[in-house]
Each structure stands twice: as structure tokens, then as C-alpha cells.
$ cat structure.cif   # mmCIF, C-alpha atoms and all ligand atoms
data_work
#
loop_
_atom_site.label_atom_id
_atom_site.label_comp_id
_atom_site.auth_asym_id
_atom_site.auth_seq_id
_atom_site.Cartn_x
_atom_site.Cartn_y
_atom_site.Cartn_z
CA MET A 25 14.42 27.32 25.65
CA THR A 26 12.22 26.45 28.62
CA GLU A 27 11.58 22.76 28.78
CA ILE A 28 7.97 21.79 28.23
CA ARG A 29 6.95 18.64 30.02
CA GLY A 30 5.13 15.83 28.26
CA LEU A 31 5.97 16.58 24.62
CA ARG A 32 5.98 13.46 22.47
CA GLN A 33 9.05 12.59 20.42
CA ILE A 34 8.53 10.30 17.47
CA ALA A 35 10.38 9.59 14.23
CA PRO A 36 7.52 9.93 11.72
CA TYR A 37 6.86 8.01 8.53
CA VAL A 38 8.52 9.81 5.62
CA ALA A 39 6.21 9.85 2.61
CA GLY A 40 7.45 10.23 -0.99
CA LYS A 41 7.76 13.81 -2.27
CA GLN A 42 4.75 15.55 -3.88
CA PRO A 43 6.66 18.02 -6.11
CA ALA A 44 4.91 20.94 -7.80
CA ASP A 45 6.74 20.26 -11.06
CA GLN A 46 4.45 20.76 -14.08
CA LYS A 47 6.64 18.64 -16.37
CA MET A 48 7.15 15.71 -14.02
CA ILE A 49 6.66 12.02 -14.50
CA LYS A 50 5.69 11.00 -10.99
CA LEU A 51 6.76 7.46 -10.17
CA ASN A 52 7.63 7.82 -6.49
CA THR A 53 4.47 7.03 -4.47
CA ASN A 54 2.83 4.10 -6.32
CA GLU A 55 -0.18 6.12 -7.41
CA ASN A 56 -2.20 5.00 -10.42
CA ALA A 57 -1.11 6.27 -13.83
CA TYR A 58 -4.69 6.36 -15.13
CA PRO A 59 -7.54 8.72 -14.20
CA PRO A 60 -10.50 7.65 -12.03
CA SER A 61 -13.37 5.93 -13.86
CA PRO A 62 -15.80 8.07 -15.89
CA ARG A 63 -18.58 7.11 -13.44
CA VAL A 64 -16.55 8.68 -10.59
CA ILE A 65 -16.20 11.90 -12.56
CA GLU A 66 -19.95 11.96 -13.33
CA SER A 67 -20.72 11.33 -9.68
CA LEU A 68 -18.48 14.26 -8.66
CA GLN A 69 -20.28 16.55 -11.10
CA ALA A 70 -23.68 15.42 -9.82
CA PHE A 71 -22.74 15.73 -6.13
CA ASP A 72 -25.08 18.00 -4.15
CA ALA A 73 -22.70 20.41 -2.38
CA LYS A 74 -25.54 21.59 -0.14
CA SER A 75 -25.55 18.16 1.50
CA LEU A 76 -22.15 19.01 3.00
CA ALA A 77 -23.94 21.06 5.67
CA ARG A 78 -24.70 17.71 7.34
CA TYR A 79 -22.24 15.30 8.90
CA SER A 80 -21.34 12.28 6.79
CA SER A 81 -22.92 8.88 7.44
CA LEU A 82 -21.79 6.93 10.48
CA ASP A 83 -21.98 3.50 8.90
CA GLN A 84 -21.18 4.11 5.16
CA ALA A 85 -24.03 1.74 4.33
CA GLU A 86 -24.02 2.73 0.64
CA LEU A 87 -20.32 2.08 0.11
CA LYS A 88 -20.29 -1.05 2.25
CA GLY A 89 -23.28 -2.41 0.29
CA ALA A 90 -21.46 -1.93 -3.03
CA LEU A 91 -18.23 -3.45 -1.66
CA ALA A 92 -20.06 -6.39 -0.07
CA GLN A 93 -21.61 -7.25 -3.41
CA GLN A 94 -18.34 -6.89 -5.31
CA LEU A 95 -16.25 -8.89 -2.83
CA GLY A 96 -18.80 -11.58 -1.89
CA VAL A 97 -18.73 -10.74 1.85
CA SER A 98 -21.41 -9.26 4.10
CA SER A 99 -21.57 -5.54 5.03
CA GLU A 100 -20.99 -6.48 8.68
CA GLN A 101 -17.56 -7.81 7.71
CA LEU A 102 -16.47 -4.37 6.49
CA ILE A 103 -15.11 -1.20 8.07
CA VAL A 104 -14.32 1.92 6.03
CA GLY A 105 -11.78 4.61 6.88
CA ASN A 106 -9.89 7.68 5.71
CA GLY A 107 -7.40 5.78 3.55
CA SER A 108 -6.01 2.40 4.52
CA ASP A 109 -3.44 4.18 6.73
CA ASP A 110 -6.39 5.12 8.93
CA ILE A 111 -7.68 1.54 8.98
CA LEU A 112 -4.20 0.08 9.62
CA SER A 113 -3.34 2.50 12.39
CA GLN A 114 -6.63 1.74 14.14
CA ALA A 115 -6.07 -1.98 13.60
CA PHE A 116 -2.81 -1.61 15.58
CA LEU A 117 -4.82 0.07 18.37
CA SER A 118 -7.59 -2.52 18.20
CA PHE A 119 -5.73 -5.81 17.87
CA PHE A 120 -2.19 -5.47 19.17
CA ASN A 121 -2.53 -5.05 22.91
CA SER A 122 -0.48 -7.90 24.30
CA SER A 123 2.97 -7.63 25.85
CA LEU A 124 4.38 -9.98 23.19
CA PRO A 125 5.93 -8.49 20.06
CA VAL A 126 3.99 -8.12 16.83
CA LYS A 127 5.98 -9.59 13.96
CA PHE A 128 6.49 -8.05 10.54
CA PRO A 129 9.25 -8.16 7.90
CA ASP A 130 12.36 -6.00 8.33
CA LEU A 131 11.68 -4.64 4.86
CA THR A 132 8.04 -3.65 4.49
CA TYR A 133 5.69 -0.68 4.63
CA GLY A 134 7.56 1.81 6.86
CA PHE A 135 4.43 2.85 8.72
CA TYR A 136 4.16 -0.46 10.66
CA LYS A 137 7.21 0.41 12.72
CA VAL A 138 5.98 3.98 13.24
CA TRP A 139 2.62 2.76 14.59
CA GLY A 140 4.45 0.27 16.83
CA GLU A 141 6.40 3.18 18.32
CA LEU A 142 3.46 5.61 18.42
CA TYR A 143 1.11 3.20 20.19
CA HIS A 144 3.80 1.51 22.34
CA VAL A 145 3.17 -1.85 20.69
CA PRO A 146 6.26 -4.08 21.08
CA TYR A 147 7.38 -5.38 17.69
CA GLU A 148 9.95 -7.64 16.07
CA GLU A 149 11.25 -7.08 12.56
CA VAL A 150 11.81 -10.47 10.93
CA PRO A 151 14.49 -10.37 8.21
CA LEU A 152 13.41 -11.17 4.67
CA THR A 153 15.55 -13.79 2.93
CA ASP A 154 18.45 -12.66 0.74
CA ASP A 155 16.01 -12.72 -2.21
CA PHE A 156 13.65 -10.38 -0.33
CA GLU A 157 11.15 -13.21 0.27
CA ILE A 158 9.04 -13.57 3.42
CA ASP A 159 9.79 -16.98 4.95
CA PHE A 160 6.91 -17.93 7.25
CA SER A 161 9.04 -20.52 9.05
CA ASP A 162 10.70 -17.46 10.66
CA TYR A 163 7.33 -16.50 12.17
CA VAL A 164 6.75 -19.55 14.38
CA GLY A 165 6.40 -19.13 18.14
CA GLU A 166 4.24 -17.00 20.38
CA CYS A 167 3.79 -13.38 19.42
CA GLY A 168 1.37 -10.49 19.81
CA GLY A 169 0.17 -10.62 16.19
CA VAL A 170 1.49 -10.57 12.64
CA ILE A 171 1.18 -8.01 9.88
CA ILE A 172 2.38 -8.50 6.32
CA ALA A 173 1.77 -6.59 3.13
CA ASN A 174 0.87 -8.95 0.26
CA PRO A 175 2.29 -8.12 -2.25
CA ASN A 176 4.94 -6.68 0.03
CA ALA A 177 6.19 -3.12 -0.34
CA PRO A 178 8.74 -1.99 -1.37
CA THR A 179 9.70 -5.39 -2.83
CA GLY A 180 6.53 -6.20 -4.83
CA ARG A 181 6.88 -9.89 -3.96
CA PHE A 182 3.70 -11.93 -3.43
CA LYS A 183 3.04 -14.89 -1.09
CA GLY A 184 0.59 -17.57 -2.23
CA LEU A 185 -2.53 -18.49 -0.26
CA ASP A 186 -1.21 -21.94 0.79
CA GLU A 187 1.65 -20.33 2.64
CA LEU A 188 -0.59 -17.66 4.10
CA GLU A 189 -2.88 -20.37 5.39
CA SER A 190 0.03 -22.06 7.15
CA LEU A 191 0.77 -18.74 8.87
CA LEU A 192 -2.87 -18.44 10.00
CA ARG A 193 -2.86 -22.03 11.26
CA ALA A 194 0.31 -21.34 13.25
CA HIS A 195 -1.21 -18.29 14.98
CA PRO A 196 -4.86 -19.01 15.83
CA ASP A 197 -4.72 -16.94 19.03
CA VAL A 198 -3.64 -13.55 17.61
CA VAL A 199 -4.77 -11.33 14.76
CA VAL A 200 -2.98 -11.71 11.44
CA ILE A 201 -3.31 -8.59 9.26
CA VAL A 202 -2.81 -8.92 5.52
CA ASP A 203 -2.37 -5.50 3.89
CA GLU A 204 -3.66 -5.94 0.32
CA ALA A 205 -2.96 -2.38 -0.90
CA TYR A 206 -1.52 -3.79 -4.17
CA ILE A 207 -3.56 -6.97 -4.56
CA ASN A 208 -5.32 -6.10 -7.80
CA PHE A 209 -2.14 -5.89 -9.88
CA GLY A 210 -1.61 -9.65 -10.08
CA GLY A 211 -1.82 -11.28 -6.64
CA GLN A 212 -4.59 -13.47 -5.24
CA THR A 213 -6.71 -12.07 -2.43
CA ALA A 214 -6.98 -13.85 0.94
CA ILE A 215 -10.74 -13.12 1.14
CA SER A 216 -11.53 -16.82 0.56
CA LEU A 217 -9.72 -17.61 3.86
CA LEU A 218 -12.02 -15.39 5.93
CA ASP A 219 -14.66 -18.12 6.37
CA LYS A 220 -12.08 -20.39 7.97
CA TYR A 221 -10.05 -17.96 10.07
CA ASP A 222 -11.81 -15.39 12.19
CA ASN A 223 -8.46 -13.94 13.31
CA LEU A 224 -7.69 -12.78 9.74
CA PHE A 225 -8.03 -9.07 8.97
CA ILE A 226 -7.49 -7.81 5.41
CA THR A 227 -6.95 -4.15 4.53
CA ARG A 228 -7.51 -2.53 1.15
CA THR A 229 -7.27 0.94 -0.36
CA PHE A 230 -8.83 2.96 -3.18
CA SER A 231 -5.49 4.78 -3.59
CA LYS A 232 -3.76 2.33 -5.92
CA ASP A 233 -6.10 0.19 -8.06
CA ALA A 234 -8.98 2.73 -8.08
CA SER A 235 -6.90 5.85 -8.96
CA LEU A 236 -8.26 7.73 -5.93
CA ALA A 237 -5.20 8.39 -3.73
CA GLY A 238 -6.28 12.00 -3.18
CA LEU A 239 -9.77 11.00 -2.00
CA ARG A 240 -8.50 9.05 1.04
CA VAL A 241 -10.64 5.92 1.30
CA GLY A 242 -9.58 2.51 2.55
CA TYR A 243 -11.33 -0.43 4.17
CA GLY A 244 -10.85 -3.51 6.27
CA ILE A 245 -12.46 -6.95 5.89
CA GLY A 246 -12.71 -9.39 8.78
CA SER A 247 -14.96 -11.47 11.01
CA ARG A 248 -17.86 -9.71 12.77
CA ARG A 249 -15.93 -10.16 16.01
CA LEU A 250 -12.91 -8.20 14.75
CA ILE A 251 -15.02 -5.55 13.02
CA ALA A 252 -16.96 -4.89 16.26
CA VAL A 253 -13.67 -4.13 18.07
CA MET A 254 -12.52 -1.88 15.22
CA GLU A 255 -15.85 0.01 15.19
CA ALA A 256 -15.53 0.66 18.93
CA VAL A 257 -12.02 2.06 18.44
CA LYS A 258 -13.07 4.10 15.39
CA ASN A 259 -15.91 5.61 17.40
CA SER A 260 -13.41 6.52 20.12
CA VAL A 261 -11.23 8.43 17.66
CA ASN A 262 -13.19 9.94 14.77
CA PRO A 263 -16.67 8.53 14.01
CA TYR A 264 -17.05 10.68 10.86
CA ALA A 265 -13.67 9.69 9.39
CA VAL A 266 -15.14 9.13 5.90
CA ASP A 267 -16.59 12.30 4.37
CA SER A 268 -19.78 12.25 2.29
CA LEU A 269 -18.08 13.16 -0.98
CA ALA A 270 -15.52 10.38 -0.50
CA GLU A 271 -18.27 7.85 0.18
CA ALA A 272 -20.21 8.86 -2.95
CA LEU A 273 -17.19 8.76 -5.26
CA ALA A 274 -15.78 5.52 -3.84
CA THR A 275 -19.21 3.91 -4.31
CA ALA A 276 -19.24 5.04 -7.95
CA ALA A 277 -15.76 3.52 -8.36
CA VAL A 278 -16.92 0.13 -7.05
CA GLU A 279 -19.96 0.25 -9.34
CA ASP A 280 -17.68 0.77 -12.34
CA TRP A 281 -15.14 -1.91 -11.45
CA GLY A 282 -14.92 -3.21 -15.03
CA TYR A 283 -13.02 -0.02 -15.91
CA TYR A 284 -10.49 -0.64 -13.14
CA GLU A 285 -10.00 -4.27 -14.10
CA LYS A 286 -8.79 -3.04 -17.47
CA THR A 287 -6.47 -0.33 -16.10
CA CYS A 288 -4.97 -2.71 -13.52
CA GLN A 289 -4.33 -5.33 -16.22
CA GLN A 290 -2.71 -2.67 -18.38
CA ILE A 291 -0.42 -1.63 -15.50
CA ALA A 292 0.54 -5.29 -14.93
CA ARG A 293 1.43 -5.67 -18.63
CA THR A 294 3.50 -2.45 -18.56
CA ARG A 295 5.24 -3.63 -15.38
CA ASP A 296 6.23 -6.97 -16.90
CA TRP A 297 7.54 -5.34 -20.07
CA PHE A 298 9.38 -2.63 -18.10
CA SER A 299 10.91 -5.22 -15.72
CA ARG A 300 12.23 -7.22 -18.70
CA SER A 301 13.66 -4.05 -20.21
CA LEU A 302 15.48 -3.19 -16.96
CA ALA A 303 16.87 -6.74 -16.81
CA ASP A 304 18.10 -6.33 -20.41
CA LEU A 305 19.97 -3.21 -19.24
CA GLY A 306 21.74 -5.34 -16.64
CA TRP A 307 19.65 -4.24 -13.64
CA LYS A 308 18.80 -6.75 -10.91
CA VAL A 309 14.99 -6.74 -10.81
CA VAL A 310 12.90 -8.12 -7.92
CA PRO A 311 9.86 -9.97 -9.41
CA SER A 312 6.81 -7.80 -8.69
CA GLN A 313 3.05 -8.38 -8.54
CA ALA A 314 2.42 -4.73 -7.63
CA ASN A 315 2.27 -1.41 -9.52
CA PHE A 316 5.97 -0.76 -8.90
CA VAL A 317 9.31 -2.55 -9.25
CA LEU A 318 12.29 -2.59 -6.93
CA ALA A 319 15.50 -2.88 -8.93
CA LYS A 320 19.23 -2.43 -8.55
CA PRO A 321 20.90 -0.41 -11.32
CA ARG A 322 24.31 -1.32 -12.68
CA GLN A 323 25.42 2.20 -11.81
CA VAL A 324 25.31 3.87 -8.38
CA ALA A 325 21.62 4.16 -7.36
CA LYS A 326 21.97 7.72 -6.07
CA GLU A 327 23.44 8.86 -9.37
CA VAL A 328 20.66 7.24 -11.40
CA PHE A 329 18.07 8.74 -9.04
CA GLU A 330 19.56 12.22 -9.50
CA ALA A 331 19.91 11.84 -13.27
CA LEU A 332 16.22 10.88 -13.50
CA GLU A 333 15.21 13.81 -11.32
CA ARG A 334 17.11 16.21 -13.59
CA LYS A 335 14.83 14.94 -16.36
CA HIS A 336 11.76 15.56 -14.13
CA ILE A 337 11.30 11.85 -13.44
CA TYR A 338 10.67 11.17 -9.75
CA VAL A 339 11.29 7.66 -8.39
CA ARG A 340 11.93 6.48 -4.81
CA TYR A 341 15.40 6.04 -3.37
CA PHE A 342 15.88 4.82 0.22
CA PRO A 343 19.45 5.83 1.21
CA LYS A 344 18.78 5.14 4.90
CA VAL A 345 17.43 1.62 4.45
CA GLU A 346 20.61 -0.45 4.50
CA ARG A 347 19.34 -3.50 2.58
CA ILE A 348 18.05 -1.52 -0.38
CA ARG A 349 20.28 1.52 -0.46
CA ASP A 350 21.61 0.34 -3.85
CA TYR A 351 18.10 -0.04 -5.27
CA LEU A 352 15.42 2.23 -6.70
CA ARG A 353 11.67 1.69 -6.43
CA ILE A 354 9.93 2.78 -9.60
CA SER A 355 6.12 3.05 -9.79
CA ILE A 356 4.60 1.87 -13.06
CA GLY A 357 3.17 4.67 -15.19
CA THR A 358 1.72 4.57 -18.69
CA ASP A 359 3.65 2.86 -21.51
CA LYS A 360 4.60 6.29 -22.82
CA GLU A 361 6.00 7.38 -19.44
CA MET A 362 7.95 4.15 -18.96
CA LYS A 363 9.43 4.48 -22.46
CA GLN A 364 10.66 7.94 -21.47
CA VAL A 365 12.24 6.46 -18.33
CA LEU A 366 13.97 3.80 -20.40
CA ALA A 367 15.23 6.40 -22.86
CA VAL A 368 16.95 8.27 -19.98
CA LEU A 369 18.35 5.02 -18.58
CA ASN A 370 19.63 3.95 -21.99
CA ALA A 371 21.32 7.32 -22.47
CA LEU A 372 22.93 6.96 -19.03
CA GLU A 373 24.30 3.57 -20.05
CA GLY A 374 25.98 5.22 -23.00
CA GLY A 375 27.18 8.08 -20.78
CA ARG A 376 25.24 10.44 -23.02
CA ASN A 377 22.81 11.81 -20.48
CA GLU A 378 24.41 15.14 -19.58
C1 LIG A 401 1.67 -1.43 1.73
C2 LIG A 401 0.85 -0.19 1.87
N1 LIG A 401 -0.19 -0.19 2.69
C3 LIG A 401 -0.96 0.90 2.84
C4 LIG A 401 -0.70 2.07 2.17
C5 LIG A 401 -1.55 3.28 2.46
O1 LIG A 401 -2.42 3.63 1.47
P1 LIG A 401 -3.58 4.68 1.68
O2 LIG A 401 -3.46 5.28 3.07
O3 LIG A 401 -3.40 5.68 0.62
O4 LIG A 401 -4.85 3.89 1.56
C6 LIG A 401 0.38 2.13 1.29
C7 LIG A 401 0.69 3.38 0.55
O5 LIG A 401 1.66 3.56 -0.10
C8 LIG A 401 1.18 0.97 1.14
O6 LIG A 401 2.26 0.98 0.34
#
$ encode --input "structure.cif" --output "C-alpha cells"
Amino acid sequence: MTEIRGLRQIAPYVAGKQPADQKMIKLNTNENAYPPSPRVIESLQAFDAKSLARYSSLDQAELKGALAQQLGVSSEQLIVGNGSDDILSQAFLSFFNSSLPVKFPDLTYGFYKVWGELYHVPYEEVPLTDDFEIDFSDYVGECGGVIIANPNAPTGRFKGLDELESLLRAHPDVVVIVDEAYINFGGQTAISLLDKYDNLFITRTFSKDASLAGLRVGYGIGSRRLIAVMEAVKNSVNPYAVDSLAEALATAAVEDWGYYEKTCQQIARTRDWFSRSLADLGWKVVPSQANFVLAKPRQVAKEVFEALERKHIYVRYFPKVERIRDYLRISIGTDKEMKQVLAVLNALEGGRNE
């Protein structure tokens, strides 16, 4: 083959499978087990398709207004994007431009490393403790920025605000990003710290708590100073990143937040019950505040993963990630789905699965 100059080589992020299996119980990508709120469905039915002839709004004033009211921040502290992956990737472009490495845990959302490589941002992966905890004393010293997911993925572990504040105090001269993709399943948001730290940038998504993974909407919250930089970068990449239908439906979701509070609480209850049940089966379970649990089976993880898949139950197995190659990450579905998972696991214990 003739060599073509200038082609980029990059090891991409590998997302969980999206199988076309009609019978499946899908617990591999931390989606929400419940449907979007009734108000979202009404808003979809009422949407004026003719309006799609026009470009979407440039400032998402409607969605930002609803979010500002719900979160107790001002619209100028918000930026909206095409999923939080869009916001996070542009945050890397916007905030991490020094020659010093950006720090993040060795076990966290796999995309951080991919963006580091893609955008030539130097980075340092800081090992989690043996218990998969982030220890902020490992983050002292000069760096180009910090990004953590809180709760972390794929561990589900949450760091309290006191500790987060000590991290912010230790790094006043760089941006600290807190990825709150899973915050509404039991953690405590860092929004209250925004008044004190204008180097804090929080990212959120509608994919997990709001049951809208397929819609692709995420947002960032930060000081006006940080948002202005992000807006400039966004307008250098794709100014119309949020389509009009997505803005309308996401706004309806925010306006019906009471519905989501209930579904998130239900998922948290299911998670706690399911975690206890796994522990009773002899699994080692990492305490989670997210809509998934990371746990180590008594049997070989690969075999449990394959046995579940034969029963059309899809969970996540990371054979290439050394520290968790003996673990499985299981998203939390409905009670009924999780009972079916436990039935398969119980049968495996008795060797009666085949
Ligand atoms: C920690 C974390 N951040 C961000 C995302 C991206 O979410 P989305 O692009 O769907 O908003 C995910 C998705 O799994 C995640 O686990």
C-alpha cells in the first residue's frame, strides 16, 4: 500500500456494546432503566418538525434558563453540548494548555486518556489506593490541571466535598474539572463550591439520571471566566452542537425533575439491595454511589460474563484493564431485571447454569 503522509493514529475510546438483541437485559453502559419523563414524551409529540428547517439556537437560552433555575446558578455560568463527552472534550481543549501534566486517576473514565492523546495534552495517571479510593494527597505539586469523576467510574466511589475543597485549595492556578455524570444517584454536588473557586468546572449529562442517553445532551457549570473560554472554543468547533429537538426535550426533562428524583432514588435503593445480595454470594463489592456496581465474583470474571451473556444479560468486563480484570461492572436496572441477574448468578453458584 502506498504510504499516505499525515494520517493520524490514535487508540480510540472503546464504548460498551449496543447489541441488537430483542431479549436482552442491557446493563453494560450505565444507561437509565426507566423511560424519560411523561413531559418529555409529550414535548416530543408536540414538537413542530417544520422548525427543523432552521438552525438550532446558538445560546440554548431556554434550556439554560430552566437549568439555572433548577441548579441555583446563573445562565452565564452554563454551557450546553452534544452529550457531556462533547463538553469534556472541549474542556480539555479549553483549559489544559500548559506543558505540565494534567492529573487524573489511573482507574477512571477511559476517555480522559484518549483526549489527552488526541489533543497532545501531557497527563499523569495517579494510582487509586488498593481500595479503589482517590487519595488527594497524591495530587499535590504543580500540574497542568486535574480531572476527576465524582462518583468515579468504573468504581462508583464518591469523594466528599471537604476533600474536594482541599484539592481546589491546593490547585488555585489550574482548572479542576469534576465530572458529575453520576451525581444524582447518591453523591453531593460540588455546585456550592463554585462561589468560592472560579477554577472549578463541573460537567453533567442527561444520559444517566434523565434517561436521555440517545438524545445527546450534557452541560458544564463554571465561573463566567471559564465559560467564556469554553464558548470561544465551542464556536471554533461546532456552534450548533445542540440540535433544536434535543434542546426542547432536555428542557421538558428539567421542568419535570420531580419524576427523575423518584427514579434516581429507586435506582439507588435497587443498587443497595443488589450490592448486599452480591456480597451475600461471596462477591467483593466496591461501595457505589452511582447507577452501577463494580464487583469481583468468586468465580472467574470472564466465565461469569460469558454465562450472563448466554442468558442475554450484558454487563461490562474489562479484560485489558489490569487492576479490574477480575471484576465486572454491572449497571443497575429495574428490580425485576436485577432479580433475573441474581437468579443466573445463584444458579452458577450451584453449577446449575448450563
Ligand atoms: C464518568 C463519565 N463521564 C461522562 C460520560 C459521558 O456521558 P454522555 O456523553 O452520554 O453525556 C460517561 C458515560 O458513560 C461517564 O461514565
$ axis_aligned_box --input "structure.cif" --around "segment 214-221 of chain A" --padding-each-side "3 Å" --output "AutoDock Vina command-line options"
--center_x -10.8 --center_y -16.8 --center_z 5.3 --size_x 13.7 --size_y 13.3 --size_z 15.5
$ residues_near_ligand --input "structure.cif" --ligand "ligand LIG 401 (chain A)" --cutoff "6 Å" --atoms "only C-alpha atoms and all ligand atoms" --output "list in words"
Gly107, Ser108, Asp109, Tyr133, Ala173, Ala177, Asp203, Ala205, Thr229, Ser231, Ala237 and Gly242 of chain A
$ atom_distance --input "structure.cif" --atom1 "atom CA of Ser161 of chain A" --atom2 "atom CA of Asp219 of chain A"
24.0 Å
$ closest_residue --input "structure.cif" --among "A:Gly244, A:Pro263, A:Pro59, A:Gly180" --to "Val309 of chain A" --atoms "all atoms listed in the file"
A:Gly180
$ atom_distance --input "structure.cif" --atom1 "atom CA of Arg340 of chain A" --atom2 "atom CA of Arg353 of chain A"
5.1 Å
$ atom_distance --input "structure.cif" --atom1 "atom CA of Leu82 of chain A" --atom2 "atom CA of Phe119 of chain A"
21.8 Å
$ residues_around --input "structure.cif" --residues "Gln289 of chain A" --least-positions-apart "5" --cutoff "9 Å" --atoms "only C-alpha atoms" --output "number ranges by chain"
A: 208-210, 284, 294
